$ cat my_file.txt   # compact mmCIF, C-alpha atoms
# COMPACT_ATOMS: atom_id res chain seq x y z
CA MET A 1034 86.06 62.22 -36.35
CA ARG A 1035 83.98 60.92 -39.27
CA GLY A 1036 86.02 57.76 -38.73
CA LEU A 1037 83.82 57.00 -35.73
CA PHE A 1038 81.18 55.99 -38.27
CA THR A 1039 83.64 53.37 -39.54
CA CYS A 1040 84.31 52.26 -35.95
CA GLY A 1041 80.63 51.54 -35.42
CA ILE A 1042 80.54 49.35 -38.53
CA LEU A 1043 83.73 47.48 -37.70
CA ASP A 1044 82.62 46.79 -34.13
CA VAL A 1045 79.42 45.17 -35.38
CA LEU A 1046 81.44 43.06 -37.84
CA MET A 1047 83.78 41.94 -35.05
CA GLU A 1048 80.90 41.10 -32.74
CA ASN A 1049 79.41 38.89 -35.44
CA GLY A 1050 82.56 37.08 -36.53
CA VAL A 1051 82.89 38.67 -39.97
CA THR A 1052 86.47 38.38 -41.25
CA PHE A 1053 88.46 39.43 -44.31
CA ASP A 1054 91.62 38.36 -46.12
CA VAL A 1055 92.93 41.84 -46.95
CA ALA A 1056 92.11 45.36 -45.79
CA ALA A 1057 93.45 48.86 -46.41
CA GLY A 1058 92.95 51.80 -44.08
CA VAL A 1059 93.44 55.43 -45.06
CA SER A 1060 93.91 58.18 -42.47
CA ALA A 1061 91.31 57.58 -39.72
CA GLY A 1062 90.57 54.29 -41.47
CA ALA A 1063 94.07 53.18 -40.48
CA ALA A 1064 94.13 54.83 -37.05
CA PHE A 1065 90.81 53.31 -35.99
CA GLY A 1066 90.66 50.32 -38.34
CA CYS A 1067 93.74 48.68 -36.85
CA ASN A 1068 91.53 47.68 -33.91
CA PHE A 1069 89.75 45.28 -36.25
CA LYS A 1070 92.92 43.23 -36.67
CA SER A 1071 93.60 43.31 -32.92
CA HIS A 1072 90.00 42.21 -32.16
CA GLN A 1073 89.34 45.19 -29.86
CA ALA A 1074 85.72 46.08 -30.44
CA GLY A 1075 84.73 49.27 -28.66
CA ARG A 1076 88.28 50.48 -28.06
CA ALA A 1077 88.25 53.45 -30.45
CA LEU A 1078 84.92 54.70 -29.11
CA ARG A 1079 86.11 54.23 -25.54
CA TYR A 1080 89.26 56.29 -25.82
CA ASN A 1081 87.61 58.99 -27.91
CA LEU A 1082 84.94 59.44 -25.25
CA LYS A 1083 87.52 59.48 -22.47
CA TYR A 1084 90.25 61.66 -23.97
CA SER A 1085 88.66 63.93 -26.58
CA SER A 1086 88.70 66.85 -24.13
CA TYR A 1087 92.36 66.29 -23.22
CA TRP A 1088 94.56 68.78 -25.06
CA ARG A 1089 97.41 66.31 -25.61
CA TYR A 1090 95.04 64.07 -27.56
CA LYS A 1091 93.69 66.70 -29.96
CA SER A 1092 93.60 70.48 -29.77
CA MET A 1093 94.81 73.70 -31.29
CA ARG A 1094 97.13 73.92 -28.28
CA SER A 1095 98.70 70.63 -29.34
CA LEU A 1096 99.10 71.95 -32.89
CA MET A 1097 100.83 75.12 -31.69
CA LEU A 1098 103.11 73.39 -29.19
CA THR A 1099 103.95 70.17 -31.05
CA GLY A 1100 103.07 70.74 -34.70
CA ASP A 1101 100.37 68.06 -34.58
CA LEU A 1102 96.64 68.70 -34.13
CA TYR A 1103 96.45 65.12 -32.84
CA GLY A 1104 99.38 64.79 -30.45
CA ALA A 1105 101.83 62.22 -31.79
CA GLU A 1106 103.35 61.21 -28.47
CA PHE A 1107 100.00 60.85 -26.72
CA CYS A 1108 98.05 59.21 -29.58
CA TYR A 1109 100.69 56.76 -30.77
CA HIS A 1110 102.61 55.99 -27.59
CA THR A 1111 101.01 57.02 -24.29
CA LEU A 1112 97.50 55.93 -25.26
CA PRO A 1113 98.21 52.53 -26.89
CA GLU A 1114 101.08 51.61 -24.56
CA LYS A 1115 99.75 52.78 -21.18
CA LEU A 1116 96.18 54.09 -21.07
CA ASP A 1117 94.13 51.88 -23.40
CA ILE A 1118 96.49 49.08 -24.36
CA PHE A 1119 96.67 48.13 -28.02
CA ASP A 1120 96.77 44.31 -28.18
CA THR A 1121 99.86 43.76 -30.33
CA GLU A 1122 99.83 39.99 -29.72
CA ALA A 1123 96.32 39.61 -31.12
CA PHE A 1124 97.19 42.01 -33.95
CA ALA A 1125 100.24 39.97 -34.98
CA ALA A 1126 98.41 36.64 -34.65
CA ASP A 1127 95.44 37.57 -36.85
CA PRO A 1128 96.01 36.49 -40.50
CA LEU A 1129 94.35 39.59 -41.96
CA GLU A 1130 96.70 41.51 -44.27
CA PHE A 1131 96.15 45.11 -43.15
CA TYR A 1132 97.72 47.93 -45.17
CA ALA A 1133 98.12 51.53 -44.04
CA VAL A 1134 98.06 53.97 -46.96
CA ALA A 1135 100.32 57.03 -46.78
CA THR A 1136 101.58 59.59 -49.30
CA ASP A 1137 105.26 60.08 -50.13
CA VAL A 1138 105.64 63.87 -50.01
CA ASP A 1139 108.64 63.82 -52.35
CA THR A 1140 106.88 61.93 -55.14
CA GLY A 1141 103.22 62.64 -54.38
CA LYS A 1142 102.54 58.93 -54.83
CA PRO A 1143 100.74 56.53 -52.47
CA VAL A 1144 102.70 54.08 -50.36
CA TYR A 1145 101.04 50.90 -49.08
CA HIS A 1146 102.64 49.48 -45.96
CA LEU A 1147 101.72 46.02 -44.71
CA LEU A 1148 101.36 46.29 -40.96
CA LYS A 1149 103.05 43.35 -39.25
CA ASP A 1150 103.03 43.36 -35.47
CA GLY A 1151 101.38 46.56 -34.23
CA GLY A 1152 104.71 47.71 -32.81
CA ASN A 1153 106.37 51.12 -32.94
CA GLU A 1154 107.12 51.11 -36.66
CA ASP A 1155 103.57 50.05 -37.52
CA LEU A 1156 102.22 52.82 -35.29
CA GLU A 1157 104.43 55.33 -37.10
CA TRP A 1158 102.97 54.17 -40.43
CA ILE A 1159 99.47 54.60 -39.03
CA ARG A 1160 100.44 58.08 -37.82
CA ALA A 1161 101.77 58.90 -41.27
CA SER A 1162 98.54 57.71 -42.88
CA ALA A 1163 96.55 60.04 -40.63
CA SER A 1164 98.86 63.08 -40.71
CA MET A 1165 96.98 65.84 -42.52
CA PRO A 1166 98.91 68.64 -44.28
CA LEU A 1167 99.39 71.73 -42.09
CA ALA A 1168 97.66 69.96 -39.19
CA SER A 1169 100.56 67.54 -38.71
CA ARG A 1170 104.29 67.30 -39.05
CA ILE A 1171 105.74 65.26 -41.87
CA VAL A 1172 106.51 61.74 -40.64
CA ASN A 1173 109.90 60.30 -41.60
CA ILE A 1174 110.18 56.52 -41.64
CA ASN A 1175 113.47 55.01 -42.77
CA GLY A 1176 114.29 58.13 -44.79
CA GLN A 1177 110.88 58.37 -46.45
CA ASN A 1178 108.84 61.54 -45.83
CA LEU A 1179 105.13 60.80 -45.46
CA LEU A 1180 101.74 62.40 -44.92
CA ASP A 1181 98.05 61.49 -45.12
CA GLY A 1182 97.24 58.66 -47.52
CA GLY A 1183 94.03 60.38 -48.55
CA ILE A 1184 96.06 62.88 -50.59
CA SER A 1185 97.07 60.25 -53.15
CA ASP A 1186 94.66 57.32 -52.73
CA SER A 1187 91.55 58.22 -50.77
CA ILE A 1188 89.61 55.03 -51.55
CA PRO A 1189 92.10 52.23 -52.32
CA LEU A 1190 89.62 49.82 -53.89
CA GLY A 1191 91.84 49.44 -56.97
CA PHE A 1192 94.79 48.50 -54.77
CA ILE A 1193 92.75 45.84 -52.99
CA GLU A 1194 91.48 44.43 -56.29
CA LYS A 1195 95.08 44.08 -57.49
CA LYS A 1196 95.63 41.85 -54.46
CA GLY A 1197 93.17 39.42 -56.02
CA CYS A 1198 90.12 40.32 -53.95
CA ASN A 1199 86.92 40.16 -56.00
CA LYS A 1200 84.39 40.69 -53.21
CA ASN A 1201 85.07 43.93 -51.40
CA LEU A 1202 83.34 45.82 -48.61
CA VAL A 1203 83.92 49.57 -49.00
CA ILE A 1204 83.26 51.88 -46.06
CA LEU A 1205 82.88 55.57 -46.90
CA THR A 1206 82.21 58.39 -44.45
CA GLN A 1207 80.55 60.74 -46.95
CA PRO A 1208 77.06 60.27 -48.45
CA GLU A 1209 76.60 59.11 -52.03
CA THR A 1210 75.84 62.62 -53.27
CA TYR A 1211 79.08 64.10 -51.91
CA THR A 1212 81.46 65.77 -54.36
CA LYS A 1213 84.89 66.99 -53.28
CA HIS A 1214 85.95 70.52 -54.22
CA GLN A 1215 89.29 72.27 -54.03
CA TYR A 1216 90.53 73.27 -50.58
CA LYS A 1217 89.52 76.82 -49.68
CA GLN A 1218 92.99 77.20 -48.12
CA PHE A 1219 94.83 75.75 -51.12
CA SER A 1220 97.01 78.84 -51.65
CA LEU A 1221 98.08 78.68 -47.98
CA ILE A 1222 98.75 74.95 -48.23
CA SER A 1223 100.70 75.46 -51.46
CA ALA A 1224 102.86 78.17 -49.90
CA ALA A 1225 103.51 76.16 -46.73
CA LEU A 1226 104.49 73.03 -48.66
CA HIS A 1227 106.37 74.70 -51.54
CA LYS A 1228 109.44 72.53 -50.85
CA TYR A 1229 107.37 69.53 -51.97
CA PRO A 1230 106.01 70.41 -55.43
CA LYS A 1231 104.85 66.85 -56.16
CA LEU A 1232 102.82 66.87 -52.97
CA VAL A 1233 101.30 70.25 -53.84
CA GLU A 1234 100.38 68.91 -57.26
CA GLY A 1235 98.76 65.90 -55.62
CA LEU A 1236 96.74 68.18 -53.37
CA ARG A 1237 95.68 70.23 -56.39
CA GLU A 1238 94.50 67.11 -58.18
CA ARG A 1239 92.95 65.47 -55.15
CA PRO A 1240 89.33 66.53 -55.75
CA ALA A 1241 89.39 65.08 -59.28
CA MET A 1242 91.07 61.90 -58.01
CA TYR A 1243 88.58 61.48 -55.17
CA ASN A 1244 85.55 62.09 -57.39
CA ALA A 1245 86.87 59.60 -59.96
CA GLN A 1246 87.34 57.03 -57.20
CA THR A 1247 83.80 57.43 -55.90
CA ALA A 1248 82.54 57.00 -59.48
CA TYR A 1249 84.62 53.82 -59.77
CA VAL A 1250 83.19 52.53 -56.50
CA LYS A 1251 79.68 53.04 -57.87
CA VAL A 1252 80.58 51.06 -61.00
CA ARG A 1253 81.88 48.17 -58.93
CA GLU A 1254 78.83 48.41 -56.69
CA ALA A 1255 76.50 48.17 -59.71
CA GLU A 1256 78.48 45.20 -61.04
CA GLY A 1257 78.10 43.40 -57.72
CA SER A 1258 81.79 43.11 -56.83
CA ALA A 1259 81.62 45.78 -54.12
CA LEU A 1260 79.21 46.33 -51.25
CA VAL A 1261 79.33 49.93 -50.08
CA LEU A 1262 78.41 51.20 -46.64
CA ARG A 1263 78.04 54.98 -46.45
CA PRO A 1264 75.96 57.44 -44.40
CA ASP A 1265 72.71 58.70 -45.91
CA ALA A 1266 73.55 62.30 -45.00
CA PRO A 1267 76.63 64.30 -43.97
CA LEU A 1268 77.88 63.28 -40.54
CA ASN A 1269 78.52 66.91 -39.55
CA ILE A 1270 81.18 66.36 -36.91
CA PRO A 1271 84.24 68.65 -36.72
CA PRO A 1272 87.83 67.38 -36.24
CA LEU A 1273 88.02 68.66 -32.66
CA GLU A 1274 84.59 67.48 -31.49
CA LYS A 1275 84.53 66.90 -27.72
CA ASP A 1276 80.81 66.42 -27.03
CA PRO A 1277 80.18 62.78 -26.00
CA GLU A 1278 76.68 62.99 -27.45
CA GLN A 1279 78.02 63.87 -30.89
CA ILE A 1280 80.75 61.24 -30.71
CA ASN A 1281 78.18 58.59 -29.81
CA ARG A 1282 75.82 59.85 -32.51
CA VAL A 1283 78.33 59.30 -35.30
CA TYR A 1284 79.52 55.97 -33.88
CA ASN A 1285 75.96 54.68 -33.47
CA SER A 1286 75.01 55.73 -36.99
CA GLY A 1287 77.69 53.32 -38.21
CA ARG A 1288 76.49 50.59 -35.86
CA ASP A 1289 72.88 51.01 -36.92
CA LEU A 1290 73.77 50.80 -40.59
CA ALA A 1291 75.93 47.71 -40.09
CA LEU A 1292 73.23 45.96 -38.08
CA SER A 1293 70.62 46.74 -40.72
CA LYS A 1294 72.92 45.39 -43.45
CA LEU A 1295 74.49 42.54 -41.50
CA GLN A 1296 72.80 39.64 -43.26
CA GLU A 1297 73.41 41.31 -46.62
CA ILE A 1298 77.10 41.66 -45.75
CA ILE A 1299 77.37 38.02 -44.70
CA ASN A 1300 75.59 36.82 -47.84
CA PHE A 1301 77.73 39.07 -50.05
CA LEU A 1302 81.00 37.84 -48.59
CA GLY A 1303 79.87 34.24 -48.66
$ encode --input "my_file.txt" --output "structure tokens"
Amino acid sequence: MRGLFTCGILDVLMENGVTFDVAAGVSAGAAFGCNFKSHQAGRALRYNLKYSSYWRYKSMRSLMLTGDLYGAEFCYHTLPEKLDIFDTEAFAADPLEFYAVATDVDTGKPVYHLLKDGGNEDLEWIRASASMPLASRIVNINGQNLLDGGISDSIPLGFIEKKGCNKNLVILTQPETYTKHQYKQFSLISAALHKYPKLVEGLRERPAMYNAQTAYVKVREAEGSALVLRPDAPLNIPPLEKDPEQINRVYNSGRDLALSKLQEIINFLG
């Protein structure tokens, strides 16, 4: 739900014609960010407001009955194909190279998948990117077992730089002072995922990886090669938030920041 902050920023960028050559989305950054490539400003906010109270979209009931806190069938098929149509034609036509970042559970390493047409396989990669351990089933795509990309590469700035991009906009959903600590439920996670020791090791090392990445972002920010948009304070919204007021609050905080920084963003990107 912190990804709604990102949605607010991306909608402002779309409304003002800001474009990019390459982008990478991790977890909610992939699930919501794909609307940037399909030019569907407002879509993510719209369906979150409409369906957040529907158990098939997100609920503990969905987790118990399907194995996914965010229902896979509803989120990645019913919703984009029937209820709030995902514009696959616009997605495929846009030249932006959009990568979804997932984690290979057998190796613990990140996998970067270039989304092509917004079709079923792309949606499965987005689902994999956003599938949190214990809150989601492992996603198998062409024999590869995958989970949340944030486990192995939470902030893929280094990946984007290797693509030759030297002016990068980084959107974070935690404030600058945030430091990640080990999961309180790590022993439970470790026991539940014991068949995947590389994944467990990645989860153990994730706080150090994440904190190193935020430090790297700050270095690039100071050097002038990255412009970082982040909230000033914790967004304080839980994963199963249903209150429209809270959903709008987080979305609008992203919009307000993007509007206040719009000219700076345009000047930075040239």
$ residues_around --input "my_file.txt" --residues "stretch 1064-1073 of chain A" --least-positions-apart "2" --cutoff "7 Å" --atoms "all atoms listed in the file" --output "list in words"
Cys1040, Leu1043, Met1047, Gly1058, Ser1060, Ala1061, Gly1062, Gly1075, Arg1076, Ala1077, Asp1120, Thr1121, Ala1123, Phe1124, Asp1127, Leu1129, Ile1159 and Ala1163 of chain A
$ atom_distance --input "my_file.txt" --atom1 "atom CA of A:Ile1270" --atom2 "atom CA of A:Val1283"
7.8 Å
$ atom_distance --input "my_file.txt" --atom1 "atom CA of A:Gln1246" --atom2 "atom CA of A:Ile1188"
6.4 Å
$ closest_atom_pairs --input "my_file.txt" --of "stretch 1092-1197 of chain A" --to "stretch 1219-1240 of chain A" --cutoff "8 Å" --atoms "only C-alpha atoms" --output "JSON lines"
{"residue": "A:Asp1137", "atom": "CA", "partner": "A:Leu1232", "partner_atom": "CA", "distance": 7.8}
{"residue": "A:Val1138", "atom": "CA", "partner": "A:Leu1232", "partner_atom": "CA", "distance": 5.1}
{"residue": "A:Asp1139", "atom": "CA", "partner": "A:Tyr1229", "partner_atom": "CA", "distance": 5.9}
{"residue": "A:Thr1140", "atom": "CA", "partner": "A:Lys1231", "partner_atom": "CA", "distance": 5.4}
{"residue": "A:Gly1141", "atom": "CA", "partner": "A:Leu1232", "partner_atom": "CA", "distance": 4.5}
{"residue": "A:Lys1142", "atom": "CA", "partner": "A:Gly1235", "partner_atom": "CA", "distance": 8.0}
{"residue": "A:Pro1166", "atom": "CA", "partner": "A:Ile1222", "partner_atom": "CA", "distance": 7.4}
{"residue": "A:Leu1167", "atom": "CA", "partner": "A:Ile1222", "partner_atom": "CA", "distance": 7.0}
{"residue": "A:Ile1184", "atom": "CA", "partner": "A:Leu1236", "partner_atom": "CA", "distance": 6.0}
{"residue": "A:Ser1185", "atom": "CA", "partner": "A:Gly1235", "partner_atom": "CA", "distance": 6.4}
$ residues_around --input "my_file.txt" --residues "A:Leu1116" --least-positions-apart "6" --cutoff "10 Å" --atoms "only C-alpha atoms" --output "ChimeraX atom specification"
/A:1080,1107,1110
$ write_last_selection --input "my_file.txt" --atoms "C-alpha atoms" --output "CSV table (one decimal), keeping the file's coordinate frame"
chain,number,residue,atom,x,y,z
A,1080,TYR,CA,89.3,56.3,-25.8
A,1107,PHE,CA,100.0,60.8,-26.7
A,1110,HIS,CA,102.6,56.0,-27.6
$ residues_around --input "my_file.txt" --residues "stretch 1089-1099 of chain A" --least-positions-apart "3" --cutoff "7 Å" --atoms "all atoms listed in the file" --output "list in words"
Tyr1084, Ser1085, Leu1102, Tyr1103, Gly1104, Phe1107, Cys1108, Ala1168 and Leu1273 of chain A
$ atom_distance --input "my_file.txt" --atom1 "atom CA of A:Ser1164" --atom2 "atom CA of A:Gly1176"
16.7 Å
$ closest_residue --input "my_file.txt" --among "A:Leu1202, A:Ile1118, A:Ala1063, A:Ile1193" --to "A:Glu1157" --atoms "all atoms listed in the file"
A:Ala1063
$ residues_around --input "my_file.txt" --residues "A:Pro1277" --least-positions-apart "3" --cutoff "12 Å" --atoms "all atoms listed in the file" --output "list in words"
Met1034, Leu1037, Leu1078, Arg1079, Tyr1080, Asn1081, Leu1082, Lys1083, Tyr1084, Ser1085, Ser1086, Ile1270, Leu1273, Glu1274, Ile1280, Asn1281, Arg1282, Val1283, Tyr1284 and Asn1285 of chain A
$ closest_residue --input "my_file.txt" --among "A:Tyr1216, A:Tyr1243, A:Tyr1145, A:Tyr1211" --to "A:Leu1268" --atoms "all atoms listed in the file"
A:Tyr1211
